[in-house]
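Novice: my_file_6.tsv is the file, holding TSV, C-alpha atoms:
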```tsv
chain	number	residue	atom	x	y	z
A	161	MET	CA	22.67	20.95	-18.50
A	162	ASN	CA	21.81	24.16	-16.74
A	163	TRP	CA	19.41	23.82	-13.81
A	164	PRO	CA	18.60	27.41	-12.92
A	165	ALA	CA	15.30	26.79	-11.15
A	166	ALA	CA	16.21	23.60	-9.36
A	167	GLN	CA	19.68	24.50	-8.12
A	168	LYS	CA	18.49	26.97	-5.51
A	169	VAL	CA	16.57	24.46	-3.37
A	170	ALA	CA	17.36	20.93	-2.26
A	171	PRO	CA	15.69	18.27	-4.44
A	172	ARG	CA	13.76	15.35	-2.98
A	173	GLY	CA	16.35	12.75	-3.98
A	174	ASP	CA	18.47	11.22	-6.71
A	175	PRO	CA	16.35	10.92	-9.89
A	176	THR	CA	18.23	7.87	-11.20
A	177	VAL	CA	17.83	5.95	-7.94
A	178	ALA	CA	14.11	6.82	-7.81
A	179	ALA	CA	13.54	5.69	-11.41
A	180	VAL	CA	15.51	2.43	-11.07
A	181	LEU	CA	13.77	1.54	-7.81
A	182	THR	CA	10.40	2.11	-9.49
A	183	TRP	CA	11.44	-0.06	-12.43
A	184	ILE	CA	12.31	-2.96	-10.13
A	185	LEU	CA	9.37	-2.51	-7.75
A	186	PRO	CA	6.51	-0.10	-8.62
A	187	GLY	CA	6.12	2.55	-5.92
A	188	ALA	CA	9.53	1.89	-4.34
A	189	GLY	CA	10.94	5.08	-5.89
A	190	HIS	CA	8.25	7.15	-4.21
A	191	PHE	CA	8.89	5.46	-0.87
A	192	TYR	CA	12.52	6.49	-1.31
A	193	LEU	CA	11.38	10.07	-2.06
A	194	GLY	CA	9.27	10.21	1.11
A	195	LEU	CA	5.92	9.90	-0.68
A	196	PRO	CA	4.68	6.57	0.81
A	197	VAL	CA	0.95	7.03	0.14
A	198	PHE	CA	1.52	7.72	-3.54
A	199	GLY	CA	3.98	4.82	-3.66
A	200	LEU	CA	1.53	2.43	-2.08
A	201	CYS	CA	-1.30	3.44	-4.44
A	202	ALA	CA	1.03	3.12	-7.44
A	203	PHE	CA	2.18	-0.32	-6.27
A	204	ALA	CA	-1.40	-1.53	-5.84
A	205	LEU	CA	-2.47	-0.24	-9.27
A	206	VAL	CA	0.50	-1.41	-11.33
A	207	GLN	CA	0.99	-4.79	-9.66
A	208	GLY	CA	-2.79	-5.30	-9.45
A	209	LEU	CA	-3.03	-4.91	-13.23
A	210	TYR	CA	-0.21	-7.39	-13.77
A	211	TRP	CA	-1.68	-9.87	-11.28
A	212	LEU	CA	-5.09	-9.67	-12.93
A	213	GLY	CA	-3.47	-10.14	-16.32
A	214	LEU	CA	-1.66	-13.24	-15.07
A	215	GLN	CA	-4.90	-14.67	-13.70
A	216	LEU	CA	-6.81	-14.10	-16.95
A	217	SER	CA	-4.04	-15.48	-19.18
A	218	ASP	CA	-2.94	-18.28	-16.80
A	219	GLY	CA	0.55	-16.86	-17.24
A	220	MET	CA	0.65	-18.28	-20.79
A	221	LEU	CA	1.77	-15.09	-22.53
A	222	PHE	CA	5.24	-16.35	-23.48
A	223	GLU	CA	3.80	-19.59	-24.86
A	224	TYR	CA	2.82	-17.44	-27.86
A	225	LEU	CA	6.49	-17.53	-28.87
A	226	GLU	CA	7.82	-20.12	-31.29
A	227	PRO	CA	10.25	-22.55	-29.60
A	228	ASP	CA	13.27	-21.00	-31.35
A	229	LEU	CA	12.38	-17.59	-29.89
A	230	GLN	CA	12.00	-18.83	-26.33
A	231	SER	CA	15.23	-17.45	-24.88
A	232	SER	CA	16.08	-16.08	-21.44
A	233	PHE	CA	15.75	-12.53	-22.72
A	234	ALA	CA	12.57	-12.96	-24.77
A	235	GLY	CA	10.68	-10.61	-22.46
A	236	VAL	CA	13.07	-7.69	-23.00
A	237	LEU	CA	11.30	-6.51	-26.17
A	238	THR	CA	7.81	-6.63	-24.68
A	239	PRO	CA	5.86	-3.79	-23.00
A	240	GLU	CA	5.91	-5.89	-19.81
A	241	VAL	CA	9.60	-5.03	-19.37
A	242	GLY	CA	8.45	-1.66	-17.99
A	243	ASN	CA	7.50	-3.59	-14.85
A	244	LEU	CA	10.73	-5.51	-14.42
A	245	GLY	CA	10.00	-7.17	-11.08
A	246	ALA	CA	6.69	-8.58	-12.28
A	247	LEU	CA	8.20	-9.72	-15.59
A	248	VAL	CA	10.98	-11.62	-13.79
A	249	TYR	CA	8.40	-13.23	-11.50
A	250	HIS	CA	6.29	-14.11	-14.56
A	251	MET	CA	9.22	-15.73	-16.36
A	252	LYS	CA	10.39	-17.61	-13.27
A	253	THR	CA	6.94	-18.89	-12.30
A	254	PHE	CA	5.27	-19.60	-15.63
A	255	GLY	CA	8.09	-19.50	-18.18
A	256	TYR	CA	7.23	-21.16	-21.48
A	257	GLY	CA	4.60	-23.50	-20.15
A	258	ILE	CA	4.52	-27.26	-19.82
A	259	GLY	CA	6.30	-28.21	-23.01
A	260	HIS	CA	3.35	-28.86	-25.31
A	261	MET	CA	0.51	-26.86	-26.89
A	262	ARG	CA	-2.69	-26.36	-24.92
A	263	PRO	CA	-5.82	-24.22	-25.46
A	264	TRP	CA	-5.63	-20.53	-24.62
A	265	PRO	CA	-7.93	-19.28	-21.83
A	266	ASP	CA	-11.04	-17.42	-23.02
A	267	ALA	CA	-9.81	-14.05	-21.76
A	268	MET	CA	-6.21	-14.55	-22.90
A	269	TRP	CA	-6.28	-11.39	-25.01
A	270	LEU	CA	-7.49	-9.31	-22.06
A	271	GLY	CA	-4.86	-10.81	-19.77
A	272	CYS	CA	-2.16	-9.88	-22.29
A	273	TRP	CA	-3.51	-6.34	-22.52
A	274	LEU	CA	-3.41	-5.94	-18.75
A	275	THR	CA	0.15	-7.17	-18.28
A	276	ALA	CA	1.30	-4.94	-21.16
A	277	CYS	CA	-0.59	-1.93	-19.72
A	278	SER	CA	1.03	-2.60	-16.36
A	279	GLY	CA	4.46	-2.31	-18.00
A	280	ILE	CA	3.63	0.95	-19.76
A	281	LEU	CA	2.02	2.39	-16.64
A	282	ASN	CA	5.12	1.58	-14.62
A	283	ALA	CA	7.32	3.21	-17.26
A	284	CYS	CA	5.24	6.38	-16.81
A	285	LEU	CA	5.58	5.95	-13.05
A	286	MET	CA	9.35	5.89	-13.54
A	287	VAL	CA	9.05	9.22	-15.37
A	288	GLN	CA	6.99	10.52	-12.44
A	289	ALA	CA	9.56	9.29	-9.91
A	290	HIS	CA	12.40	10.82	-11.95
A	291	SER	CA	10.71	14.22	-12.09
A	292	ASP	CA	9.42	14.05	-8.50
A	293	ALA	CA	12.99	13.49	-7.34
A	294	ARG	CA	14.00	16.83	-8.85
A	295	ALA	CA	11.11	18.78	-7.36
A	296	PRO	CA	12.10	20.85	-4.32
A	297	LYS	CA	11.62	19.20	-0.92
A	298	GLN	CA	9.66	22.16	0.36
A	299	GLY	CA	7.60	24.80	-1.34
A	300	PRO	CA	6.13	24.83	-4.86
A	301	ASP	CA	7.17	21.92	-7.07
A	302	ALA	CA	8.27	24.19	-9.96
A	303	GLY	CA	6.21	22.13	-12.39
A	304	PHE	CA	8.20	18.90	-11.98
A	305	ARG	CA	5.28	16.89	-10.62
A	306	ALA	CA	3.20	17.65	-13.72
A	307	ILE	CA	5.71	16.24	-16.24
A	308	ALA	CA	4.55	12.60	-16.29
A	309	ARG	CA	0.82	13.13	-16.89
A	310	PRO	CA	1.16	14.38	-20.49
A	311	VAL	CA	3.62	11.52	-21.15
A	312	LEU	CA	0.98	8.97	-20.16
A	313	ALA	CA	-1.60	10.83	-22.25
A	314	ALA	CA	0.78	10.81	-25.23
A	315	TRP	CA	1.05	7.03	-24.97
A	316	ALA	CA	-2.72	6.60	-24.62
A	317	VAL	CA	-3.54	8.64	-27.74
A	318	PRO	CA	-0.75	9.86	-30.05
A	319	GLY	CA	-0.78	13.67	-29.94
A	320	LEU	CA	-2.82	13.99	-26.74
A	321	GLY	CA	0.24	14.82	-24.63
A	322	HIS	CA	1.16	17.66	-26.97
A	323	TRP	CA	-2.44	18.85	-26.88
A	324	LEU	CA	-2.40	19.01	-23.08
A	325	GLN	CA	0.81	21.06	-23.26
A	326	GLY	CA	-0.92	23.55	-25.54
A	327	ARG	CA	0.95	22.53	-28.72
A	328	ARG	CA	-2.14	21.98	-30.80
A	329	LEU	CA	-0.65	21.94	-34.32
A	330	ARG	CA	1.98	19.38	-33.39
A	331	ALA	CA	-0.65	17.33	-31.57
A	332	ALA	CA	-2.89	17.22	-34.64
A	333	ALA	CA	0.03	16.26	-36.91
A	334	PHE	CA	1.12	13.44	-34.59
A	335	PHE	CA	-2.42	12.14	-34.31
A	336	VAL	CA	-3.10	12.18	-38.06
A	337	LEU	CA	0.25	10.62	-39.00
A	338	LEU	CA	0.50	7.92	-36.34
A	339	VAL	CA	-3.15	6.90	-36.08
A	340	GLY	CA	-3.31	7.12	-39.89
A	341	MET	CA	-0.37	4.71	-40.14
A	342	LEU	CA	-2.00	2.36	-37.67
A	343	VAL	CA	-5.30	2.33	-39.55
A	344	LEU	CA	-3.65	2.02	-42.96
A	345	GLY	CA	-1.40	-0.79	-41.70
A	346	THR	CA	-4.37	-2.64	-40.24
A	347	TRP	CA	-6.28	-2.29	-43.50
A	348	LEU	CA	-3.33	-3.52	-45.57
A	349	ALA	CA	-2.72	-6.49	-43.26
A	350	GLY	CA	-6.41	-7.33	-42.98
A	351	GLY	CA	-6.21	-7.11	-39.18
A	352	ALA	CA	-3.51	-9.82	-38.97
A	353	ASN	CA	-1.12	-7.27	-37.44
A	354	LEU	CA	-3.39	-6.95	-34.40
A	355	SER	CA	-2.85	-10.48	-33.12
A	356	ARG	CA	-0.20	-10.89	-30.45
A	357	GLU	CA	-0.23	-14.62	-31.07
A	358	ARG	CA	0.67	-14.23	-34.78
A	359	HIS	CA	3.10	-11.32	-34.50
A	360	PHE	CA	4.40	-11.23	-30.95
A	361	TYR	CA	7.10	-8.59	-31.36
A	362	TYR	CA	5.38	-6.47	-34.03
A	363	TRP	CA	2.42	-6.31	-31.64
A	364	ALA	CA	4.78	-5.03	-28.93
A	365	GLY	CA	5.88	-2.18	-31.19
A	366	GLN	CA	2.33	-1.39	-32.20
A	367	PHE	CA	1.19	-1.36	-28.56
A	368	LEU	CA	3.30	1.75	-28.04
A	369	ALA	CA	0.73	3.67	-30.10
A	370	GLY	CA	-1.71	3.16	-27.23
A	371	LEU	CA	-5.47	2.94	-27.20
A	372	PRO	CA	-6.15	3.34	-30.95
A	373	GLY	CA	-4.28	0.06	-31.50
A	374	LEU	CA	-6.20	-1.66	-28.72
A	375	GLY	CA	-9.48	-0.31	-30.11
A	376	LEU	CA	-8.65	-1.69	-33.56
A	377	GLU	CA	-7.70	-5.01	-31.99
A	378	ALA	CA	-11.01	-5.19	-30.14
A	379	LEU	CA	-12.88	-4.52	-33.39
A	380	PHE	CA	-10.88	-6.44	-35.99
A	381	GLY	CA	-8.17	-8.38	-34.20
A	382	ARG	CA	-9.71	-11.77	-33.69
A	383	GLY	CA	-10.96	-12.69	-37.14
A	384	ALA	CA	-9.56	-15.45	-39.32
A	385	VAL	CA	-7.26	-14.43	-42.17
A	386	ALA	CA	-9.39	-15.40	-45.18
A	387	LEU	CA	-7.83	-13.54	-48.10
A	388	ASP	CA	-4.38	-13.37	-49.56
A	389	ARG	CA	-3.13	-9.87	-48.71
A	390	PRO	CA	-0.38	-8.73	-51.09
A	391	TYR	CA	0.62	-5.85	-48.80
A	392	ALA	CA	0.24	-7.66	-45.46
A	393	ASP	CA	3.94	-7.29	-44.64
A	394	ALA	CA	3.89	-3.58	-45.45
A	395	GLY	CA	0.83	-3.21	-43.21
A	396	LEU	CA	2.59	-4.99	-40.39
A	397	ASP	CA	5.61	-2.71	-40.75
A	398	LEU	CA	3.53	0.47	-40.88
A	399	ALA	CA	1.50	-0.41	-37.78
A	400	CYS	CA	4.64	-1.28	-35.84
A	401	LEU	CA	6.38	1.87	-37.06
A	402	ALA	CA	3.47	3.97	-35.77
A	403	GLY	CA	4.09	2.65	-32.26
A	404	LEU	CA	7.85	3.12	-32.45
A	405	LEU	CA	7.49	6.70	-33.70
A	406	ASN	CA	5.15	7.41	-30.80
A	407	VAL	CA	8.15	6.82	-28.53
A	408	LEU	CA	9.72	9.91	-30.13
A	409	ALA	CA	6.48	11.77	-29.38
A	410	LEU	CA	6.66	10.64	-25.74
A	411	MET	CA	10.26	11.86	-25.51
A	412	ASP	CA	9.29	15.19	-27.05
A	413	VAL	CA	6.48	15.61	-24.51
A	414	TYR	CA	8.83	14.74	-21.67
A	415	ALA	CA	11.58	17.09	-22.90
A	416	PHE	CA	9.12	19.96	-23.30
A	417	GLY	CA	7.68	19.44	-19.79
A	418	GLU	CA	11.18	19.28	-18.35
A	419	LYS	CA	12.24	22.44	-20.17
A	420	ARG	CA	9.21	24.28	-18.86
A	421	ALA	CA	9.91	23.13	-15.28
A	422	LEU	CA	13.54	24.21	-15.52
A	423	GLU	CA	12.79	27.71	-16.80
A	424	PRO	CA	13.59	30.27	-14.12
A	425	PRO	CA	10.54	31.95	-12.65
A	426	GLN	CA	9.93	35.47	-13.94
A	427	ALA	CA	11.74	37.99	-11.72
A	428	ASN	CA	9.30	40.82	-12.26
A	429	PRO	CA	5.93	39.48	-13.25
A	430	ALA	CA	3.63	41.90	-15.00
A	431	PRO	CA	1.25	43.65	-12.61
A	432	LEU	CA	-2.24	42.19	-12.57
A	433	ALA	CA	-3.93	45.58	-12.62
A	434	VAL	CA	-2.78	49.10	-13.39
A	435	PRO	CA	-3.13	51.25	-10.27
A	436	ALA	CA	-5.65	54.02	-10.65
A	437	THR	CA	-4.11	57.45	-11.03
A	438	SER	CA	-5.69	60.41	-9.38
A	439	GLY	CA	-6.78	63.25	-11.61
A	440	PRO	CA	-5.17	66.73	-11.62
B	138	MET	CA	7.08	-7.63	-60.98
B	139	ILE	CA	6.11	-5.38	-58.07
B	140	ASP	CA	3.63	-2.56	-58.46
B	141	PRO	CA	5.80	0.55	-57.97
B	142	LEU	CA	3.11	3.14	-57.31
B	143	PRO	CA	1.69	1.72	-54.03
B	144	HIS	CA	5.22	0.99	-52.83
B	145	LEU	CA	6.25	4.57	-53.55
B	146	ALA	CA	3.15	6.00	-51.86
B	147	LEU	CA	3.65	3.86	-48.74
B	148	PHE	CA	7.32	4.82	-48.61
B	149	VAL	CA	6.57	8.54	-48.86
B	150	PHE	CA	3.93	8.27	-46.13
B	151	ALA	CA	6.33	6.41	-43.83
B	152	ALA	CA	9.12	8.89	-44.68
B	153	LEU	CA	6.86	11.81	-43.80
B	154	ALA	CA	6.02	10.30	-40.40
B	155	ILE	CA	9.65	9.39	-39.64
B	156	VAL	CA	11.00	12.82	-40.58
B	157	PHE	CA	8.22	14.63	-38.71
B	158	ALA	CA	8.68	12.61	-35.52
B	159	GLY	CA	12.47	12.95	-35.77
B	160	SER	CA	12.30	16.72	-36.31
B	161	THR	CA	10.33	17.48	-33.16
B	162	PHE	CA	13.52	17.81	-31.13
B	163	SER	CA	15.30	20.20	-33.48
B	164	GLU	CA	12.35	22.55	-34.12
B	165	LEU	CA	10.59	23.80	-31.01
B	166	GLN	CA	8.16	26.08	-32.88
B	167	ASP	CA	5.28	24.28	-34.60
B	168	ALA	CA	5.14	26.63	-37.57
B	169	ALA	CA	8.88	26.35	-38.24
B	170	LEU	CA	8.64	22.56	-37.91
B	171	LEU	CA	5.92	22.29	-40.54
B	172	ARG	CA	7.61	24.82	-42.84
B	173	SER	CA	10.89	22.89	-42.91
B	174	LEU	CA	9.23	19.50	-43.34
B	175	PRO	CA	9.06	19.24	-47.19
B	176	LYS	CA	12.77	20.01	-47.54
B	177	LYS	CA	13.72	17.48	-44.86
B	178	VAL	CA	11.51	14.79	-46.40
B	179	GLY	CA	13.15	15.50	-49.76
B	180	TRP	CA	16.64	15.04	-48.30
B	181	PHE	CA	15.53	11.89	-46.48
B	182	CYS	CA	14.16	10.38	-49.72
B	183	LEU	CA	17.31	11.37	-51.63
B	184	TRP	CA	19.62	9.66	-49.14
B	185	CYS	CA	17.36	6.59	-49.06
B	186	ALA	CA	17.57	6.46	-52.86
B	187	ILE	CA	21.37	6.73	-52.76
B	188	LEU	CA	21.52	3.96	-50.16
B	189	ALA	CA	19.23	1.79	-52.30
B	190	VAL	CA	21.50	2.28	-55.33
B	191	VAL	CA	24.59	1.37	-53.25
B	192	ILE	CA	22.85	-1.78	-51.99
B	193	LEU	CA	21.81	-2.75	-55.53
B	194	VAL	CA	25.34	-2.22	-56.86
B	195	LEU	CA	26.84	-4.28	-54.02
B	196	GLU	CA	24.24	-6.98	-54.51
B	197	HIS	CA	25.08	-7.30	-58.20
B	198	THR	CA	28.86	-7.19	-57.68
B	199	VAL	CA	30.19	-8.32	-54.29
B	200	ALA	CA	27.26	-10.54	-53.32
B	201	SER	CA	26.61	-11.95	-56.78
B	202	THR	CA	27.48	-15.62	-57.22
B	203	SER	CA	26.80	-15.83	-60.96
```
Write the structure described by the file as C-alpha cells, please.
Specialist:
Amino acid sequence: MNWPAAQKVAPRGDPTVAAVLTWILPGAGHFYLGLPVFGLCAFALVQGLYWLGLQLSDGMLFEYLEPDLQSSFAGVLTPEVGNLGALVYHMKTFGYGIGHMRPWPDAMWLGCWLTACSGILNACLMVQAHSDARAPKQGPDAGFRAIARPVLAAWAVPGLGHWLQGRRLRAAAFFVLLVGMLVLGTWLAGGANLSRERHFYYWAGQFLAGLPGLGLEALFGRGAVALDRPYADAGLDLACLAGLLNVLALMDVYAFGEKRALEPPQANPAPLAVPATSGP
Amino acid sequence: MIDPLPHLALFVFAALAIVFAGSTFSELQDAALLRSLPKKVGWFCLWCAILAVVILVLEHTVASTS
C-alpha cells in the first residue's frame, strides 16, 4: 500500500503491536504509544463494563451453553472475545458453573449486555490504537485519530458511521436494509431470536447490529414463546445475518476513514479570498 | 409442501442486503453503487439457483440411498 501522507513523518509506533496489546489488555496499546491518560481512561471504562457485567450475571454467562457446546474455545464466537484478557479471566474463574442448573440472577440479561458491550468497545479501541500508531508523533494527526469514532457509531446504529463520514445515501441504505432485516427477523421469530439463553451464538451475530437489536430485546426479548412460528428459523437467520453484514459496514467505514487519512494534503489549496484589484 | 412465495421474498431480501454490503468495497461512489445493484443481485440469484440445482442433482444421485 502507498503511504504518501504518513511516510514523511515518524509514526507513533507499530500499529500491530498497539492493536494486539489493546486486545490483551485494554489501554495497554495506548500506554505503548505514549498516551497514558487515554490508556488509563480506556482501561477503566472497558474493564469497568466487564466487571459490572460479571457482578450482575454472577459470571454465569457460559452456563447458557448446552453441555455439548461447553468447550475450551466456546468464548471465541462471542462479542466478549474483543476483550481477550477479561474473557480468559471469566473462563478461568467462573467457567461453566458448578455442574448443575441454578436460577439466573435477576439482572442476568443486563450483565450479559455489559460484558458483550465491553468486548465491542475494546474492538473499537483496538481500531483506535491501530490508527493512533500511524499518526505522526508530532504535529497534526493527518486524520488518523478520527478513524475509530465512525466505526463505533457504525456498530451502534447500522449506517450511522457512513452518515458521520458524509456518505448519506449509503448510510440510509445500510440502515434500511440491516435494521429492516433485524425487525423482520424478530417478527418472524416472534422475538425468540432475541434471547441469548435460547440462541447463544445467533444472538452473538445479531449483537453486531448494535443498539437496534438491544432495543428490540428490551421490548420483546423476554416473553414466552406461545405460538408455533412457521418461519422462526428464517427469522433467526435474518436477524443474525443483519449483524454479520454490519461487520462489512464497519470495515467499509474503517477503510474510507483510512483512505481519507492517507490522502496527501493539497499542495496548493485554493485561496480563501480573492485579493482586491485596484482600479485603472 | 413449502409455501414458495414467502421463501422467495425472504431470499431476495437477504440477497439484496448481502450484495449491497459486499459491493461497498468495489464501488466508492454511492450513485454508481446503487446503479449497479440490480445487475449484481441478478447475477447473485442466478449463481445461487445454479448451485441449488447442482445440490439437488447430487442429492438425488450420489447421496441417494434408494
Novice: If you count all atoms listed in the file, which residues fall within 9 Å of Trp363 of chain A, apart from same-chain ones fewer than 5 positions away, as a list of chain:residue names?
Specialist: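 After dropping sequence-adjacent residues, the list is A:Thr238, A:Asn353, A:Leu354, A:Ser355, A:Arg356, A:Glu357, A:Arg358, A:Leu368, A:Leu396, A:Ala399, A:Cys400.
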Novice: Kindly provide, as an NGL selection string, the residues of chain A having any atom no farther than 10 Å from an atom of chain B, counting all atoms listed in the file.
Specialist: :A and (327-331 or 333-334 or 336-338 or 340-341 or 344-345 or 391 or 394-395 or 397-398 or 401-402 or 404-409 or 411-413 or 415-416)
Novice: Find the residue from A:Phe233, A:Tyr414, A:Phe367, A:Phe254 that sits nearest to His322 of chain A; use only C-alpha atoms when measuring.
Specialist: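 Going through A:Phe233, A:Tyr414, A:Phe367, A:Phe254 one by one, the smallest distance to His322 of chain A is for A:Tyr414.
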Novice: Would you compute the distance between atom CA of Tyr256 of chain A and atom CA of Phe222 of chain A? Give it in Å to one decimal.
Specialist: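 Pair atom CA of Tyr256 of chain A / atom CA of Phe222 of chain A returns 5.6 Å.
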Novice: When distances are computed from all atoms listed in the file, which of A:Pro227, A:Gln207, A:Trp269, A:Cys284 shows the smallest separation from His250 of chain A?
Specialist: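 Of A:Pro227, A:Gln207, A:Trp269, A:Cys284, the one nearest His250 of chain A is A:Gln207, counting all atoms listed in the file.
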Novice: Show me, as a list in words, the residues that have an atom within 10 Å of Gly189 of chain A when counting all atoms listed in the file, minus same-chain residues fewer than 4 positions from it.
Specialist: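 Within the cut-off, the hits are Gly173, Asp174, Pro175, Thr176, Val177, Ala178, Ala179, Val180, Leu181, Thr182, Trp183, Ile184, Leu185, Leu193, Gly194, Leu195, Pro196, Gly199, Leu285, Met286, Gln288, Ala289, His290, Asp292 and Ala293 of chain A.
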Novice: For the atom pair atom CA of Arg172 of chain A and atom CA of Asn282 of chain A, what is the interatomic distance in Å to one decimal place?
Specialist: 20.0 Å
Novice: Between A:Ala316, A:Val311, A:Pro390, A:Thr253, which is the closest to Trp347 of chain A once you count all atoms listed in the file?
Specialist: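 Closest to Trp347 of chain A of all the choices is A:Pro390.
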Novice: Hey, which of A:His359, A:Asp393, A:Gly259, A:Leu342 ends up closest to Leu376 of chain A? Count all atoms listed in the file.
Specialist: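 The shortest atom-to-atom distance to Leu376 of chain A comes from A:Leu342.
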Novice: Could you tell me which of A:Ala283, A:Leu225, A:Ala234, A:Leu216 comes closest to Met261 of chain A if we count all atoms listed in the file?
Specialist: A:Leu225
Novice: How many Å lie between atom CA of Phe380 of chain A and atom CA of Tyr362 of chain A, rounded to one decimal?
Specialist: 16.4 Å
Novice: Could you name the residues that touch Phe181 of chain B at 9 Å or less, counting all atoms listed in the file, but leaving out those on the same chain fewer than 4 positions away, as a PyMOL selection string?
Specialist: chain B and resi 152+156+176-177+185-186
Novice: Return the single residue from A:Leu410, A:Leu312, A:Ala384, A:Ala392 that is closest to Thr346 of chain A, with distances computed using all atoms listed in the file.
Specialist: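 Nearest candidate to Thr346 of chain A out of A:Leu410, A:Leu312, A:Ala384, A:Ala392: A:Ala392.
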